[in-house]
Amino acid sequence: MEIRFDNRVAIVTGAGTGLGRCHALGLASRGAKVVVNDLGAATDGTGTSSDAALAVVDEIKSAGGQAIAHGADVADPDAVADMVAQTMAEWGRIDIAVNNAGILRDKTFGKLDLDDFRKVVDVHLMGSATVCHACWPIMRDQGYGRIVLTSSGSGLYGNFGQSNYGAAKAAMMGLMNVLHMEGARDNIRVNVLAPTAATRMTEALIPADALALMSPETITPGLLYLVSENAPSRVMLGAGAGCFAQTRVYETPGVTLTGEITPEIVAAQFAGISDPKGQKELASAFDQTRKYVANAARARGLTLDWN
């Protein structure tokens with residue numbers, strides 16, 4: 001069954017170049033009305049220009065689609081509120097929010113200025129939260145919403161010299177987990193895309209022959225699935241060079257200690273604590289609490305009435 005977005009309205013942040021541009025074009029090609037958001041800044045977040053966003057709007061319109069441009073800084077609540085208000089005035093609904101805008105200010109942690117740390121977190125984390133927060137009541141009232149947060153292998157696995165970027169990108173998982181729970185009743189589905197692509201943010205970091213395999217066009221099909229009507233929710237989808245994989249967080253069964261608990265005992269038991277046999281995903285933080293308390297009660301021969 002073909003995935004279409006007819007009569008759907010999508011906001012795509014950072015959509016003037018690279019992945020965001022590809023996402024916006026992909027959505028529009030399948031019927032979505034698209035808000036092309038781009039501040040027009042350099043990769044480090046400095047400067048502004050509307051040229052890139054307007055160029056993407058022209059591409060969409062030339063192909064017979066509908067689009068408007070907006071230059072909101074995603075970390076500015078007033079600017080985001082204006083973008084949402086203009087979208088509602090133009091089309092009367094917001095169905096999809098693709099949080100793609102980002103900047104880089106790479107430097108090893110010991111040499112990093114905390115202002116640069118804060119700025120990267122502001123754009124990636126606070127920017128995503130600000131856009132989601134502005135769209136949330138609209139999606140809730142509609143009984144329909146699809147949100148994608150953009151993470152990265154730097155956040156999920158780490159990358160030298162990217163403590164600010166990695167911390168912000170790791171936060172996407174936590175934001176997704178909670179928004180998934182809170183949005184489920186109102187048919188708001190929330191997922192994470194963790195892409196690796198040839199863009200202006202990666203061109204200086206990856207060899208040319210590898211970049212040739214990593215076009216944004218190999219990633220956007222995954223994004224389109226994550227914001228489709230039959231999309232999953234609470235999925236972290238890794239994507240790059242045509243490869244797609246799901247990232248999951250598992251917890252080992254662990255070891256329950258009773259009696260005196262000392263750091264030496266924890267050290268002696270660490271191999272068992274780390275044993276992956278029987279590991280599984282947990283659905284919520286409270287599931288983890290239940291697991292620990294149930295294990296503790298069982299180890300002491302207690303029966304808990306905890307419904």
# chains A, B, ... in the order shown; residues from 1 in each chain; ligands from 1
$ select_by_dssp --residues "range 21-241 of chain A" --states "alpha helix (DSSP H)" --output "PyMOL selection string"
chain A and resi 21-29+51-62+77-91+114-121+127-142+153-156+163-183+208-211+220-226
$ residues_around --residues "Ser233 in chain A" --least-positions-apart "2" --cutoff "10 Å" --atoms "only C-alpha atoms" --output "compact mmCIF listing (two decimals) with all heavy atoms, in the first residue's frame"
# COMPACT_ATOMS: atom_id res chain seq x y z
N ARG A 146 2.12 13.09 14.23
CA ARG A 146 3.30 12.26 14.00
C ARG A 146 4.52 13.14 14.20
O ARG A 146 4.68 14.17 13.54
CB ARG A 146 3.29 11.68 12.57
CG ARG A 146 2.09 10.78 12.26
CD ARG A 146 2.14 9.49 13.05
NE ARG A 146 1.04 8.58 12.73
CZ ARG A 146 -0.10 8.51 13.41
NH1 ARG A 146 -0.30 9.34 14.45
NH2 ARG A 146 -1.03 7.65 13.08
N ILE A 147 5.39 12.73 15.13
CA ILE A 147 6.57 13.52 15.48
C ILE A 147 7.82 12.67 15.30
O ILE A 147 7.85 11.51 15.73
CB ILE A 147 6.49 14.02 16.93
CG1 ILE A 147 5.36 15.05 17.08
CG2 ILE A 147 7.82 14.63 17.38
CD1 ILE A 147 5.07 15.45 18.51
N VAL A 148 8.82 13.24 14.67
CA VAL A 148 10.13 12.60 14.62
C VAL A 148 11.17 13.53 15.23
O VAL A 148 11.21 14.74 14.91
CB VAL A 148 10.53 12.21 13.19
CG1 VAL A 148 12.03 11.92 13.09
CG2 VAL A 148 9.75 10.98 12.74
N MET A 176 11.54 11.24 23.44
CA MET A 176 10.65 10.34 22.70
C MET A 176 9.89 9.42 23.66
O MET A 176 8.67 9.24 23.52
CB MET A 176 11.45 9.47 21.73
CG MET A 176 10.62 8.38 21.05
SD MET A 176 11.61 7.10 20.24
CE MET A 176 12.33 6.25 21.68
N ASN A 177 10.59 8.82 24.61
CA ASN A 177 9.95 7.85 25.50
C ASN A 177 8.75 8.45 26.23
O ASN A 177 7.70 7.83 26.34
CB ASN A 177 10.96 7.32 26.53
CG ASN A 177 11.95 6.34 25.93
OD1 ASN A 177 11.68 5.72 24.91
ND2 ASN A 177 13.10 6.21 26.57
N LEU A 179 7.08 11.44 25.45
CA LEU A 179 6.05 11.93 24.55
C LEU A 179 5.25 10.77 23.95
O LEU A 179 4.04 10.91 23.71
CB LEU A 179 6.66 12.78 23.44
CG LEU A 179 7.33 14.08 23.87
CD1 LEU A 179 7.69 14.93 22.65
CD2 LEU A 179 6.48 14.88 24.85
N HIS A 180 5.89 9.65 23.71
CA HIS A 180 5.18 8.45 23.24
C HIS A 180 4.09 8.07 24.24
O HIS A 180 2.94 7.79 23.85
CB HIS A 180 6.16 7.30 23.06
CG HIS A 180 5.54 5.95 23.16
ND1 HIS A 180 4.80 5.39 22.14
CD2 HIS A 180 5.54 5.04 24.17
CE1 HIS A 180 4.36 4.19 22.52
NE2 HIS A 180 4.80 3.96 23.75
N MET A 181 4.42 8.04 25.51
CA MET A 181 3.45 7.66 26.55
C MET A 181 2.32 8.69 26.64
O MET A 181 1.14 8.34 26.69
CB MET A 181 4.15 7.55 27.91
CG MET A 181 5.14 6.43 28.02
SD MET A 181 5.96 6.51 29.64
CE MET A 181 7.02 5.07 29.53
N GLY A 183 1.34 10.89 24.46
CA GLY A 183 0.59 11.13 23.25
C GLY A 183 -0.25 9.96 22.78
O GLY A 183 -1.09 10.11 21.88
N ALA A 184 -0.06 8.79 23.38
CA ALA A 184 -0.71 7.57 22.88
C ALA A 184 -2.23 7.69 22.85
O ALA A 184 -2.88 7.28 21.89
CB ALA A 184 -0.28 6.37 23.71
N ASN A 187 -3.51 9.52 19.74
CA ASN A 187 -2.99 9.08 18.45
C ASN A 187 -1.83 9.96 17.97
O ASN A 187 -1.71 10.28 16.78
CB ASN A 187 -4.10 9.04 17.39
CG ASN A 187 -3.66 8.33 16.12
OD1 ASN A 187 -2.76 7.50 16.11
ND2 ASN A 187 -4.31 8.66 15.01
N ILE A 188 -0.99 10.36 18.92
CA ILE A 188 0.24 11.07 18.58
C ILE A 188 1.38 10.06 18.71
O ILE A 188 1.62 9.54 19.80
CB ILE A 188 0.49 12.27 19.50
CG1 ILE A 188 -0.69 13.26 19.42
CG2 ILE A 188 1.79 12.97 19.13
CD1 ILE A 188 -0.60 14.40 20.42
N ARG A 189 2.02 9.77 17.62
CA ARG A 189 3.10 8.78 17.62
C ARG A 189 4.43 9.50 17.48
O ARG A 189 4.57 10.42 16.68
CB ARG A 189 2.88 7.78 16.48
CG ARG A 189 1.54 7.07 16.62
CD ARG A 189 1.29 6.04 15.54
NE ARG A 189 -0.11 5.59 15.59
CZ ARG A 189 -0.63 4.70 14.76
NH1 ARG A 189 0.12 4.14 13.82
NH2 ARG A 189 -1.91 4.36 14.87
N VAL A 190 5.39 9.06 18.28
CA VAL A 190 6.66 9.78 18.40
C VAL A 190 7.80 8.79 18.20
O VAL A 190 7.87 7.76 18.87
CB VAL A 190 6.78 10.47 19.77
CG1 VAL A 190 8.03 11.36 19.81
CG2 VAL A 190 5.53 11.29 20.09
N ASN A 191 8.69 9.11 17.28
CA ASN A 191 9.82 8.25 16.97
C ASN A 191 11.11 9.06 16.87
O ASN A 191 11.08 10.29 16.78
CB ASN A 191 9.58 7.52 15.65
CG ASN A 191 8.39 6.57 15.72
OD1 ASN A 191 8.43 5.57 16.44
ND2 ASN A 191 7.33 6.88 14.99
N VAL A 192 12.21 8.35 16.85
CA VAL A 192 13.54 8.95 16.68
C VAL A 192 14.17 8.41 15.40
O VAL A 192 14.12 7.21 15.13
CB VAL A 192 14.45 8.64 17.88
CG1 VAL A 192 15.92 8.80 17.53
CG2 VAL A 192 14.11 9.54 19.06
N LEU A 226 8.20 6.70 9.31
CA LEU A 226 8.02 7.05 10.72
C LEU A 226 6.95 8.10 10.96
O LEU A 226 6.47 8.25 12.08
CB LEU A 226 9.35 7.53 11.33
CG LEU A 226 10.45 6.49 11.48
CD1 LEU A 226 11.69 7.13 12.11
CD2 LEU A 226 10.00 5.29 12.31
N VAL A 227 6.59 8.87 9.91
CA VAL A 227 5.53 9.89 10.07
C VAL A 227 4.27 9.52 9.30
O VAL A 227 3.37 10.34 9.14
CB VAL A 227 6.02 11.29 9.64
CG1 VAL A 227 7.16 11.76 10.54
CG2 VAL A 227 6.45 11.32 8.18
N ASN A 230 0.26 4.76 9.41
CA ASN A 230 0.42 3.48 10.10
C ASN A 230 1.80 3.34 10.73
O ASN A 230 2.31 2.22 10.90
CB ASN A 230 0.18 2.33 9.12
CG ASN A 230 -1.26 2.29 8.65
OD1 ASN A 230 -2.19 2.50 9.43
ND2 ASN A 230 -1.46 2.06 7.36
N ALA A 231 2.39 4.46 11.09
CA ALA A 231 3.72 4.46 11.69
C ALA A 231 3.71 3.75 13.04
O ALA A 231 2.70 3.71 13.73
CB ALA A 231 4.20 5.89 11.89
N VAL A 235 10.07 4.16 18.38
CA VAL A 235 11.09 3.44 17.62
C VAL A 235 12.28 4.37 17.39
O VAL A 235 12.11 5.54 17.05
CB VAL A 235 10.53 2.95 16.26
CG1 VAL A 235 11.65 2.55 15.32
CG2 VAL A 235 9.58 1.79 16.48
N MET A 236 13.49 3.84 17.58
CA MET A 236 14.70 4.56 17.21
C MET A 236 15.25 3.88 15.96
O MET A 236 15.76 2.76 16.03
CB MET A 236 15.73 4.53 18.34
CG MET A 236 15.32 5.36 19.55
SD MET A 236 16.62 5.50 20.80
CE MET A 236 16.62 3.85 21.49
$ residues_around --residues "Gly240 in chain A" --least-positions-apart "5" --cutoff "6 Å" --atoms "only C-alpha atoms" --output "PyMOL selection string"
chain A and resi 195-197+219
$ select_by_dssp --residues "range 242-306 of chain A" --states "strand (DSSP E)" --output "PyMOL selection string"
chain A and resi 243-247
$ residues_around --residues "Asp73 in chain A" --least-positions-apart "3" --cutoff "8 Å" --atoms "only C-alpha atoms" --output "ChimeraX atom specification"
/A:38-39,76,79-80,127
$ write_last_selection --atoms "all heavy atoms" --output "PDB file, in the first residue's frame"
ATOM      1  N   ASP A  38      13.810  27.105   8.045  1.00  0.00           N
ATOM      2  CA  ASP A  38      15.267  27.158   8.064  1.00  0.00           C
ATOM      3  C   ASP A  38      15.701  28.560   8.452  1.00  0.00           C
ATOM      4  O   ASP A  38      15.250  29.547   7.864  1.00  0.00           O
ATOM      5  CB  ASP A  38      15.858  26.780   6.705  1.00  0.00           C
ATOM      6  CG  ASP A  38      17.289  26.276   6.833  1.00  0.00           C
ATOM      7  OD1 ASP A  38      18.191  27.118   7.031  1.00  0.00           O
ATOM      8  OD2 ASP A  38      17.498  25.058   6.747  1.00  0.00           O
ATOM      9  N   LEU A  39      16.574  28.623   9.432  1.00  0.00           N
ATOM     10  CA  LEU A  39      17.111  29.908   9.874  1.00  0.00           C
ATOM     11  C   LEU A  39      18.131  30.440   8.878  1.00  0.00           C
ATOM     12  O   LEU A  39      18.428  31.634   8.845  1.00  0.00           O
ATOM     13  CB  LEU A  39      17.746  29.748  11.259  1.00  0.00           C
ATOM     14  CG  LEU A  39      18.316  30.973  11.955  1.00  0.00           C
ATOM     15  CD1 LEU A  39      17.229  32.015  12.188  1.00  0.00           C
ATOM     16  CD2 LEU A  39      18.947  30.572  13.295  1.00  0.00           C
ATOM     17  N   ASP A  76      13.789  29.595  19.807  1.00  0.00           N
ATOM     18  CA  ASP A  76      13.098  30.829  20.195  1.00  0.00           C
ATOM     19  C   ASP A  76      11.597  30.558  20.247  1.00  0.00           C
ATOM     20  O   ASP A  76      10.951  30.440  19.198  1.00  0.00           O
ATOM     21  CB  ASP A  76      13.423  31.927  19.177  1.00  0.00           C
ATOM     22  CG  ASP A  76      12.742  33.253  19.504  1.00  0.00           C
ATOM     23  OD1 ASP A  76      11.806  33.282  20.327  1.00  0.00           O
ATOM     24  OD2 ASP A  76      13.140  34.272  18.911  1.00  0.00           O
ATOM     25  N   ALA A  79       9.363  32.857  18.060  1.00  0.00           N
ATOM     26  CA  ALA A  79       9.497  32.611  16.626  1.00  0.00           C
ATOM     27  C   ALA A  79       8.782  31.328  16.228  1.00  0.00           C
ATOM     28  O   ALA A  79       8.126  31.263  15.181  1.00  0.00           O
ATOM     29  CB  ALA A  79      10.974  32.542  16.236  1.00  0.00           C
ATOM     30  N   VAL A  80       8.897  30.300  17.061  1.00  0.00           N
ATOM     31  CA  VAL A  80       8.212  29.036  16.776  1.00  0.00           C
ATOM     32  C   VAL A  80       6.703  29.225  16.855  1.00  0.00           C
ATOM     33  O   VAL A  80       5.951  28.695  16.023  1.00  0.00           O
ATOM     34  CB  VAL A  80       8.687  27.924  17.742  1.00  0.00           C
ATOM     35  CG1 VAL A  80       7.805  26.679  17.619  1.00  0.00           C
ATOM     36  CG2 VAL A  80      10.137  27.571  17.451  1.00  0.00           C
ATOM     37  N   GLY A 127      15.281  23.235  20.995  1.00  0.00           N
ATOM     38  CA  GLY A 127      14.600  23.493  19.741  1.00  0.00           C
ATOM     39  C   GLY A 127      13.571  22.436  19.426  1.00  0.00           C
ATOM     40  O   GLY A 127      12.428  22.738  19.037  1.00  0.00           O
TER      41      GLY A 127
END
$ residues_around --residues "range 133-137 of chain A" --least-positions-apart "3" --cutoff "8 Å" --atoms "only C-alpha atoms" --output "PyMOL selection string"
chain A and resi 80-81+84+94+97+129-130+140-141
$ residues_around --residues "range 285-302 of chain A" --least-positions-apart "3" --cutoff "9 Å" --atoms "only C-alpha atoms" --output "list in words"
Glu251, Pro253, Val255, Thr256, Leu257, Thr258, Leu282 and Trp306 of chain A
$ write_last_selection --atoms "N, CA and C atoms" --output "CSV table (one decimal), in the first residue's frame"
chain,number,residue,atom,x,y,z
A,251,GLU,N,18.2,-4.1,29.4
A,251,GLU,CA,18.7,-4.2,30.8
A,251,GLU,C,18.9,-5.7,31.1
A,253,PRO,N,19.2,-9.0,33.5
A,253,PRO,CA,18.4,-9.5,34.6
A,253,PRO,C,19.0,-8.9,35.9
A,255,VAL,N,21.7,-8.9,39.4
A,255,VAL,CA,21.9,-9.7,40.6
A,255,VAL,C,21.3,-8.9,41.8
A,256,THR,N,20.5,-9.6,42.6
A,256,THR,CA,19.9,-9.0,43.8
A,256,THR,C,20.7,-9.3,45.0
A,257,LEU,N,21.2,-8.3,45.7
A,257,LEU,CA,22.0,-8.5,46.9
A,257,LEU,C,21.2,-8.3,48.2
A,258,THR,N,21.4,-9.1,49.1
A,258,THR,CA,20.7,-9.0,50.4
A,258,THR,C,21.7,-8.9,51.5
A,282,LEU,N,12.7,-2.7,28.7
A,282,LEU,CA,11.7,-2.3,29.7
A,282,LEU,C,10.8,-1.2,29.1
A,306,TRP,N,1.2,-5.7,45.0
A,306,TRP,CA,1.5,-4.4,44.3
A,306,TRP,C,0.9,-4.5,42.9
$ atom_distance --atom1 "CA of Val35 in chain A" --atom2 "CA of Ala69 in chain A"
5.7 Å
$ closest_residue --among "A:Glu90, A:Asp122, A:Asp82, A:Asp51" --to "Lys169 in chain A" --atoms "only C-alpha atoms"
A:Asp122
$ closest_residue --among "A:Glu217, A:Ser274, A:Ser228, A:His124" --to "Ala10 in chain A" --atoms "only C-alpha atoms"
A:Ser228
$ decode --residues "range 205-291 of chain A" --atoms "C-alpha atoms" --output "PDB file, in the first residue's frame"
ATOM      1  CA  LEU A 205      34.488  14.212   8.673  1.00  0.00           C
ATOM      2  CA  ILE A 206      33.930  11.368   6.190  1.00  0.00           C
ATOM      3  CA  PRO A 207      36.056  10.204   3.210  1.00  0.00           C
ATOM      4  CA  ALA A 208      34.767  11.163  -0.227  1.00  0.00           C
ATOM      5  CA  ASP A 209      34.240   7.571  -1.414  1.00  0.00           C
ATOM      6  CA  ALA A 210      32.118   6.847   1.675  1.00  0.00           C
ATOM      7  CA  LEU A 211      30.148  10.063   1.242  1.00  0.00           C
ATOM      8  CA  ALA A 212      29.197   8.917  -2.250  1.00  0.00           C
ATOM      9  CA  LEU A 213      27.188   6.075  -0.663  1.00  0.00           C
ATOM     10  CA  MET A 214      25.528   8.253   1.963  1.00  0.00           C
ATOM     11  CA  SER A 215      23.157  10.556   0.145  1.00  0.00           C
ATOM     12  CA  PRO A 216      20.212  11.962   2.152  1.00  0.00           C
ATOM     13  CA  GLU A 217      17.905  10.281  -0.364  1.00  0.00           C
ATOM     14  CA  THR A 218      18.866   6.908   1.157  1.00  0.00           C
ATOM     15  CA  ILE A 219      17.481   8.035   4.539  1.00  0.00           C
ATOM     16  CA  THR A 220      14.290   9.975   3.797  1.00  0.00           C
ATOM     17  CA  PRO A 221      12.228   6.832   2.981  1.00  0.00           C
ATOM     18  CA  GLY A 222      12.705   5.764   6.610  1.00  0.00           C
ATOM     19  CA  LEU A 223      11.586   9.173   7.814  1.00  0.00           C
ATOM     20  CA  LEU A 224       8.483   9.009   5.637  1.00  0.00           C
ATOM     21  CA  TYR A 225       7.542   5.681   7.191  1.00  0.00           C
ATOM     22  CA  LEU A 226       8.022   7.052  10.725  1.00  0.00           C
ATOM     23  CA  VAL A 227       5.534   9.885  10.070  1.00  0.00           C
ATOM     24  CA  SER A 228       3.016   7.858   8.071  1.00  0.00           C
ATOM     25  CA  GLU A 229      -0.527   7.053   9.167  1.00  0.00           C
ATOM     26  CA  ASN A 230       0.424   3.481  10.095  1.00  0.00           C
ATOM     27  CA  ALA A 231       3.723   4.461  11.694  1.00  0.00           C
ATOM     28  CA  PRO A 232       5.007   2.718  14.797  1.00  0.00           C
ATOM     29  CA  SER A 233       5.735   4.683  17.948  1.00  0.00           C
ATOM     30  CA  ARG A 234       8.727   4.726  20.291  1.00  0.00           C
ATOM     31  CA  VAL A 235      11.093   3.441  17.620  1.00  0.00           C
ATOM     32  CA  MET A 236      14.704   4.560  17.210  1.00  0.00           C
ATOM     33  CA  LEU A 237      15.505   3.984  13.556  1.00  0.00           C
ATOM     34  CA  GLY A 238      19.117   4.104  12.474  1.00  0.00           C
ATOM     35  CA  ALA A 239      19.603   4.942   8.801  1.00  0.00           C
ATOM     36  CA  GLY A 240      22.439   5.496   6.373  1.00  0.00           C
ATOM     37  CA  ALA A 241      23.594   4.449   2.914  1.00  0.00           C
ATOM     38  CA  GLY A 242      20.362   2.500   2.428  1.00  0.00           C
ATOM     39  CA  CYS A 243      20.829   0.524   5.650  1.00  0.00           C
ATOM     40  CA  PHE A 244      18.083   0.657   8.291  1.00  0.00           C
ATOM     41  CA  ALA A 245      18.311  -0.752  11.806  1.00  0.00           C
ATOM     42  CA  GLN A 246      16.444  -0.392  15.070  1.00  0.00           C
ATOM     43  CA  THR A 247      18.332   0.742  18.156  1.00  0.00           C
ATOM     44  CA  ARG A 248      17.051  -0.645  21.453  1.00  0.00           C
ATOM     45  CA  VAL A 249      18.077  -0.295  25.103  1.00  0.00           C
ATOM     46  CA  TYR A 250      18.223  -3.510  27.094  1.00  0.00           C
ATOM     47  CA  GLU A 251      18.712  -4.190  30.786  1.00  0.00           C
ATOM     48  CA  THR A 252      20.347  -7.352  32.090  1.00  0.00           C
ATOM     49  CA  PRO A 253      18.449  -9.464  34.642  1.00  0.00           C
ATOM     50  CA  GLY A 254      21.014  -8.342  37.189  1.00  0.00           C
ATOM     51  CA  VAL A 255      21.880  -9.656  40.625  1.00  0.00           C
ATOM     52  CA  THR A 256      19.900  -8.957  43.790  1.00  0.00           C
ATOM     53  CA  LEU A 257      22.010  -8.492  46.901  1.00  0.00           C
ATOM     54  CA  THR A 258      20.688  -8.972  50.424  1.00  0.00           C
ATOM     55  CA  GLY A 259      22.171  -8.409  53.845  1.00  0.00           C
ATOM     56  CA  GLU A 260      25.104  -6.028  53.991  1.00  0.00           C
ATOM     57  CA  ILE A 261      25.757  -4.451  50.599  1.00  0.00           C
ATOM     58  CA  THR A 262      29.253  -3.062  50.124  1.00  0.00           C
ATOM     59  CA  PRO A 263      31.123  -1.788  47.090  1.00  0.00           C
ATOM     60  CA  GLU A 264      33.389  -4.828  47.374  1.00  0.00           C
ATOM     61  CA  ILE A 265      30.393  -7.152  47.046  1.00  0.00           C
ATOM     62  CA  VAL A 266      29.164  -5.173  44.016  1.00  0.00           C
ATOM     63  CA  ALA A 267      32.638  -5.530  42.475  1.00  0.00           C
ATOM     64  CA  ALA A 268      32.684  -9.276  43.178  1.00  0.00           C
ATOM     65  CA  GLN A 269      29.251  -9.693  41.590  1.00  0.00           C
ATOM     66  CA  PHE A 270      29.848  -7.405  38.607  1.00  0.00           C
ATOM     67  CA  ALA A 271      30.274 -10.201  36.091  1.00  0.00           C
ATOM     68  CA  GLY A 272      26.820 -11.511  37.042  1.00  0.00           C
ATOM     69  CA  ILE A 273      25.356  -8.010  37.046  1.00  0.00           C
ATOM     70  CA  SER A 274      26.655  -7.559  33.492  1.00  0.00           C
ATOM     71  CA  ASP A 275      25.621 -10.995  32.163  1.00  0.00           C
ATOM     72  CA  PRO A 276      23.390 -10.310  29.124  1.00  0.00           C
ATOM     73  CA  LYS A 277      21.621 -13.685  29.244  1.00  0.00           C
ATOM     74  CA  GLY A 278      17.900 -13.013  29.603  1.00  0.00           C
ATOM     75  CA  GLN A 279      18.207  -9.269  29.056  1.00  0.00           C
ATOM     76  CA  LYS A 280      15.111  -7.473  27.819  1.00  0.00           C
ATOM     77  CA  GLU A 281      13.632  -4.088  27.019  1.00  0.00           C
ATOM     78  CA  LEU A 282      11.685  -2.257  29.703  1.00  0.00           C
ATOM     79  CA  ALA A 283       8.571  -0.328  28.761  1.00  0.00           C
ATOM     80  CA  SER A 284       8.923   2.419  31.376  1.00  0.00           C
ATOM     81  CA  ALA A 285      10.942   3.661  34.322  1.00  0.00           C
ATOM     82  CA  PHE A 286       8.266   2.236  36.607  1.00  0.00           C
ATOM     83  CA  ASP A 287       8.780  -1.203  35.052  1.00  0.00           C
ATOM     84  CA  GLN A 288      12.383  -0.990  36.187  1.00  0.00           C
ATOM     85  CA  THR A 289      11.275  -0.086  39.718  1.00  0.00           C
ATOM     86  CA  ARG A 290       8.813  -3.000  39.771  1.00  0.00           C
ATOM     87  CA  LYS A 291      11.551  -5.362  38.597  1.00  0.00           C
TER      88      LYS A 291
END
